[in-house]
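Chemist: If you scroll down you'll find the structure; I have some questions about it.
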Amino acid sequence: MNLTLKIWRQNGPDDKGHMETYPVSDVNPEMSFLEMIDVLNEKLIAEGKEPVAFDHDCREGICGMCSMFINGEAHGPGKRITTCQLHMRSFNDGETVIIEPWRAAAFPVIKDLVVDRGAFDRIQQAGGYVSVNTSGNTIDANAIPVPKRDADRAFDAATCIGCGACVASCKNSSAMLFVSAKVSQFALLPQGKVEAKDRVRKMVKQMDLEGFGNCTNTGACEAECPVGISLENIARMNREYMGASLSSPD
Ligand code: SF4
Ligand code: FES
């Protein structure tokens with residue numbers, strides 16, 4: 001396959017940035033999208049040029065690092081996959097492929113396709129945890145009965161990989177799907193009840209401080225989420241937040 005890549009190049013956070021065109025030839029359709037960029041980078045390095053900076057780690061859909069906007073879609077044309085799970089057979093010979101970083105004020109570009117998603121870490125640090133009694137008489141987690149339905153829903157919420165595609169796809173750059181998944185994974189379990197009110201108030205507060213927009217129920221986040229986090233989590237977070245605000249207002 002021969003392709004024309006148009007890639008966002010930006011030297012650093014203060015650089016204006018621009019699109020640059022790279023023709024690539026003999027692309028194997030069985031390559032992953034990231035392997036295709038690896039090949040491009042090897043060529044650029046051999047020519048003495050700066051390789052394209054992009055985030056990646058596990059390359060198997062787990063870590064959420066490979067944030068990229070491909071032809072106007074977060075993680076590209078496939079459904080329920082991350083960029084590292086996308087293969088070149090999804091594209092046609094002769095096609096032009098446009099590759100950009102996530103674009104959101106709360107995710108500033110560090111270089112080329114790499115953005116700073118530290119805002120997600122700070123939201124997690126604000127309340128995305130449970131305290132555990134380590135005094136020596138800790139209750140075995142398996143001894144706490146959890147209804148199967150709740151366990152399944154908590155597990156589904158916990159599959160969020162923190163990739164940020166929801167923010168990048170949202171016209172308001174809202175982080176509600178991510179935050180609601182992180183709230184829901186605990187809200188549904190007895191272990192998460194102790195700090196539930198504090199958790200939702202602190203995480204929502206941090207989300208607002210980071211500059212993410214609000215949710216207007218468009219659903220682009222759910223459509224582009226690579227692990228299928230459901231909008232029902234946002235409804236749950238809103239209920240949790242309302243309850244927490246009424247019982248212990250800030
Ligand atoms: S909710 Fe989905 S799109 Fe958003 S960070 Fe989690 S996995 Fe990524
Ligand atoms: S590199 Fe880990 S999810 Fe893509």
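Ordering of the structure tokens sets the chain letters (A, B, ...); residue numbers start at 1 within each chain; ligands are numbered from 1 in the order shown.
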Please provide as a PDB file with C-alpha atoms, in the first residue's frame all residues within 8 Å of Ala154 of chain A, with the sequence filter that same-chain residues fewer than 4 positions apart are discarded (counting only C-alpha atoms).
Modeler:
ATOM      1  CA  ASP A 150     -23.363  -4.590  40.780  1.00  0.00           C
ATOM      2  CA  ALA A 158     -13.257  -0.173  35.805  1.00  0.00           C
ATOM      3  CA  SER A 184     -18.870   4.327  39.355  1.00  0.00           C
ATOM      4  CA  GLN A 185     -16.266   1.598  39.811  1.00  0.00           C
ATOM      5  CA  PHE A 186     -16.338   2.376  43.549  1.00  0.00           C
ATOM      6  CA  ALA A 187     -19.889   3.715  43.968  1.00  0.00           C
ATOM      7  CA  LEU A 188     -21.339   0.318  43.065  1.00  0.00           C
ATOM      8  CA  LEU A 189     -19.312  -1.646  45.620  1.00  0.00           C
TER       9      LEU A 189
END
Chemist: Give one line per residue of chain A that approaches ligand 1 to at most 10 Å, naming the two atoms of the closest pair and their distance in Å to one decimal, counting only C-alpha atoms and all ligand atoms; sort by chain then ascending residue number and deliver it as JSON lines.
Modeler:
{"residue": "A:Gly61", "atom": "CA", "partner": "ligand 1", "partner_atom_place_in_ligand_line": "7 (S)", "distance": 9.8}
{"residue": "A:Ile62", "atom": "CA", "partner": "ligand 1", "partner_atom_place_in_ligand_line": "7 (S)", "distance": 9.4}
{"residue": "A:Cys63", "atom": "CA", "partner": "ligand 1", "partner_atom_place_in_ligand_line": "7 (S)", "distance": 9.6}
{"residue": "A:Gly64", "atom": "CA", "partner": "ligand 1", "partner_atom_place_in_ligand_line": "8 (Fe)", "distance": 6.8}
{"residue": "A:Met65", "atom": "CA", "partner": "ligand 1", "partner_atom_place_in_ligand_line": "8 (Fe)", "distance": 9.6}
{"residue": "A:Ser67", "atom": "CA", "partner": "ligand 1", "partner_atom_place_in_ligand_line": "8 (Fe)", "distance": 9.1}
{"residue": "A:Ala74", "atom": "CA", "partner": "ligand 1", "partner_atom_place_in_ligand_line": "3 (S)", "distance": 8.6}
{"residue": "A:His75", "atom": "CA", "partner": "ligand 1", "partner_atom_place_in_ligand_line": "3 (S)", "distance": 9.5}
{"residue": "A:Arg80", "atom": "CA", "partner": "ligand 1", "partner_atom_place_in_ligand_line": "2 (Fe)", "distance": 9.3}
{"residue": "A:Ile81", "atom": "CA", "partner": "ligand 1", "partner_atom_place_in_ligand_line": "7 (S)", "distance": 9.9}
{"residue": "A:Thr82", "atom": "CA", "partner": "ligand 1", "partner_atom_place_in_ligand_line": "8 (Fe)", "distance": 8.9}
{"residue": "A:Phe120", "atom": "CA", "partner": "ligand 1", "partner_atom_place_in_ligand_line": "5 (S)", "distance": 8.5}
{"residue": "A:Ala157", "atom": "CA", "partner": "ligand 1", "partner_atom_place_in_ligand_line": "1 (S)", "distance": 8.3}
{"residue": "A:Ala158", "atom": "CA", "partner": "ligand 1", "partner_atom_place_in_ligand_line": "6 (Fe)", "distance": 8.8}
{"residue": "A:Thr159", "atom": "CA", "partner": "ligand 1", "partner_atom_place_in_ligand_line": "7 (S)", "distance": 6.9}
{"residue": "A:Cys160", "atom": "CA", "partner": "ligand 1", "partner_atom_place_in_ligand_line": "6 (Fe)", "distance": 3.8}
{"residue": "A:Ile161", "atom": "CA", "partner": "ligand 1", "partner_atom_place_in_ligand_line": "7 (S)", "distance": 4.4}
{"residue": "A:Gly162", "atom": "CA", "partner": "ligand 1", "partner_atom_place_in_ligand_line": "5 (S)", "distance": 3.5}
{"residue": "A:Cys163", "atom": "CA", "partner": "ligand 1", "partner_atom_place_in_ligand_line": "8 (Fe)", "distance": 3.9}
{"residue": "A:Gly164", "atom": "CA", "partner": "ligand 1", "partner_atom_place_in_ligand_line": "5 (S)", "distance": 4.1}
{"residue": "A:Ala165", "atom": "CA", "partner": "ligand 1", "partner_atom_place_in_ligand_line": "3 (S)", "distance": 4.1}
{"residue": "A:Cys166", "atom": "CA", "partner": "ligand 1", "partner_atom_place_in_ligand_line": "3 (S)", "distance": 4.0}
{"residue": "A:Val167", "atom": "CA", "partner": "ligand 1", "partner_atom_place_in_ligand_line": "4 (Fe)", "distance": 6.7}
{"residue": "A:Ala168", "atom": "CA", "partner": "ligand 1", "partner_atom_place_in_ligand_line": "3 (S)", "distance": 8.4}
{"residue": "A:Ser169", "atom": "CA", "partner": "ligand 1", "partner_atom_place_in_ligand_line": "3 (S)", "distance": 8.5}
{"residue": "A:Ser174", "atom": "CA", "partner": "ligand 1", "partner_atom_place_in_ligand_line": "4 (Fe)", "distance": 9.7}
{"residue": "A:Ala175", "atom": "CA", "partner": "ligand 1", "partner_atom_place_in_ligand_line": "4 (Fe)", "distance": 7.3}
{"residue": "A:Met176", "atom": "CA", "partner": "ligand 1", "partner_atom_place_in_ligand_line": "1 (S)", "distance": 8.2}
{"residue": "A:Leu177", "atom": "CA", "partner": "ligand 1", "partner_atom_place_in_ligand_line": "1 (S)", "distance": 4.8}
{"residue": "A:Phe178", "atom": "CA", "partner": "ligand 1", "partner_atom_place_in_ligand_line": "1 (S)", "distance": 4.0}
{"residue": "A:Val179", "atom": "CA", "partner": "ligand 1", "partner_atom_place_in_ligand_line": "1 (S)", "distance": 7.7}
{"residue": "A:Ser180", "atom": "CA", "partner": "ligand 1", "partner_atom_place_in_ligand_line": "1 (S)", "distance": 8.0}
{"residue": "A:Ala181", "atom": "CA", "partner": "ligand 1", "partner_atom_place_in_ligand_line": "1 (S)", "distance": 6.4}
{"residue": "A:Lys182", "atom": "CA", "partner": "ligand 1", "partner_atom_place_in_ligand_line": "6 (Fe)", "distance": 8.5}
{"residue": "A:Ala220", "atom": "CA", "partner": "ligand 1", "partner_atom_place_in_ligand_line": "3 (S)", "distance": 9.7}
{"residue": "A:Cys221", "atom": "CA", "partner": "ligand 1", "partner_atom_place_in_ligand_line": "3 (S)", "distance": 6.2}
{"residue": "A:Glu222", "atom": "CA", "partner": "ligand 1", "partner_atom_place_in_ligand_line": "2 (Fe)", "distance": 7.0}
{"residue": "A:Ala223", "atom": "CA", "partner": "ligand 1", "partner_atom_place_in_ligand_line": "3 (S)", "distance": 8.8}
{"residue": "A:Glu224", "atom": "CA", "partner": "ligand 1", "partner_atom_place_in_ligand_line": "3 (S)", "distance": 6.4}
{"residue": "A:Cys225", "atom": "CA", "partner": "ligand 1", "partner_atom_place_in_ligand_line": "3 (S)", "distance": 3.7}
{"residue": "A:Pro226", "atom": "CA", "partner": "ligand 1", "partner_atom_place_in_ligand_line": "2 (Fe)", "distance": 5.8}
{"residue": "A:Val227", "atom": "CA", "partner": "ligand 1", "partner_atom_place_in_ligand_line": "7 (S)", "distance": 5.5}
{"residue": "A:Gly228", "atom": "CA", "partner": "ligand 1", "partner_atom_place_in_ligand_line": "2 (Fe)", "distance": 6.4}
{"residue": "A:Ile229", "atom": "CA", "partner": "ligand 1", "partner_atom_place_in_ligand_line": "1 (S)", "distance": 5.3}
{"residue": "A:Ser230", "atom": "CA", "partner": "ligand 1", "partner_atom_place_in_ligand_line": "1 (S)", "distance": 8.1}
{"residue": "A:Leu231", "atom": "CA", "partner": "ligand 1", "partner_atom_place_in_ligand_line": "1 (S)", "distance": 9.2}
{"residue": "A:Asn233", "atom": "CA", "partner": "ligand 1", "partner_atom_place_in_ligand_line": "1 (S)", "distance": 9.5}
Chemist: So how many Å separate atom CA of Val97 of chain A and atom CA of Ile7 of chain A, to one decimal?
Modeler: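 Separation between atom CA of Val97 of chain A and atom CA of Ile7 of chain A: 8.3 Å.
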Chemist: For Ser32 of chain A, work out the shell of residues within 8 Å, counting only C-alpha atoms and skipping chain neighbours fewer than 3 positions away, then give it as number ranges by chain.
Modeler: A: 35-36, 84-88
Chemist: Let me make sure I understand: among A:Gly94, A:Gly12, A:Gly72, A:Gly219, which one has the smallest atom-to-atom distance to Val27 of chain A if we use only C-alpha atoms?
Modeler: A:Gly94
Chemist: Could you tell me how far atom CA of Glu210 of chain A sits from atom CA of Glu232 of chain A, in Å to one decimal place?
Modeler: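 Value for the atom CA of Glu232 of chain A-atom CA of Glu210 of chain A distance: 23.2 Å.
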Chemist: Taking 4 positions as the minimum chain separation for residues in the same chain, which residues sit within 12 Å of Phe54 of chain A when counting only C-alpha atoms? Answer as a VMD selection string.
Modeler: chain A and resid 7 to 10 33 to 35 37 to 38 41 65 to 69 83 to 84 99 to 102 109 to 116
Chemist: Generate the output file for the selected residues, C-alpha atoms, as a tab-separated table (two decimals), in the first residue's frame.
Modeler:
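Result file is selection.tsv:
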chain	number	residue	atom	x	y	z
A	7	ILE	CA	0.91	14.66	10.47
A	8	TRP	CA	0.73	17.44	13.07
A	9	ARG	CA	4.27	18.56	13.94
A	10	GLN	CA	4.83	20.80	16.95
A	33	PHE	CA	-0.90	1.77	12.82
A	34	LEU	CA	1.90	2.38	15.33
A	35	GLU	CA	4.24	0.01	13.46
A	37	ILE	CA	4.68	5.21	12.21
A	38	ASP	CA	7.74	3.29	13.51
A	41	ASN	CA	10.35	7.29	11.95
A	65	MET	CA	-1.29	5.83	25.98
A	66	CYS	CA	-1.68	5.78	22.19
A	67	SER	CA	-3.84	8.88	21.97
A	68	MET	CA	-4.22	10.01	18.37
A	69	PHE	CA	-6.86	11.58	16.18
A	83	THR	CA	-4.84	3.18	17.93
A	84	CYS	CA	-2.38	0.37	18.69
A	99	ILE	CA	-2.99	12.31	12.08
A	100	GLU	CA	-3.40	14.85	14.90
A	101	PRO	CA	-3.00	14.95	18.69
A	102	TRP	CA	-5.97	15.13	21.09
A	109	VAL	CA	0.41	19.42	23.43
A	110	ILE	CA	3.92	18.51	24.66
A	111	LYS	CA	5.35	17.60	21.24
A	112	ASP	CA	3.86	16.48	17.91
A	113	LEU	CA	1.19	13.88	18.85
A	114	VAL	CA	2.02	13.72	22.57
A	115	VAL	CA	-0.30	15.58	24.95
A	116	ASP	CA	-0.10	16.09	28.70
Chemist: List every residue of segment 104-166 of chain A that DSSP, applied to the backbone, labels as strand (DSSP E or B), and write the result as a list in words.
Modeler: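 Matching residues, listed in order: Val109, Ile110, Lys111, Val114 and Val115 of chain A.
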Chemist: Calculated over only C-alpha atoms and all ligand atoms, which of the candidates A:Arg59, A:Arg103, A:Arg149, A:Arg89 has the smallest distance to ligand 2?
Modeler: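 Closest residue, counting only C-alpha atoms and all ligand atoms: A:Arg59.
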Chemist: Using only C-alpha atoms, which residue out of A:Ile98, A:Ala53, A:Val39, A:Ile70 lies closest to Met19 of chain A?
Modeler: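 Going through A:Ile98, A:Ala53, A:Val39, A:Ile70 one by one, the smallest distance to Met19 of chain A is for A:Ile98.
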Chemist: Please identify which residues in segment 85-224 of chain A DSSP calls helix (DSSP H, G or I) from the backbone, and express them as an MDAnalysis selection string.
Modeler: chainID A and resid 85 88:90 118:127 141:143 148:158 165:169 176:187 190:192 196:209 220:224
Chemist: With distances taken over only C-alpha atoms, which of A:Gln124, A:Thr138, A:Asn172, A:Ser131 is nearest to Ala104 of chain A?
Modeler: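 Comparing A:Gln124, A:Thr138, A:Asn172, A:Ser131 against Ala104 of chain A, the winner is A:Asn172.
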Chemist: Excluding same-chain residues fewer than 3 positions from Gly128 of chain A, what lies within 8 Å of it counting only C-alpha atoms, as a PyMOL selection string?
Modeler: chain A and resi 123-125+182-183+199+203
Chemist: What's the separation between atom CA of Ser135 of chain A and atom CA of Asp198 of chain A, in Å to one decimal place?
Modeler: 22.9 Å
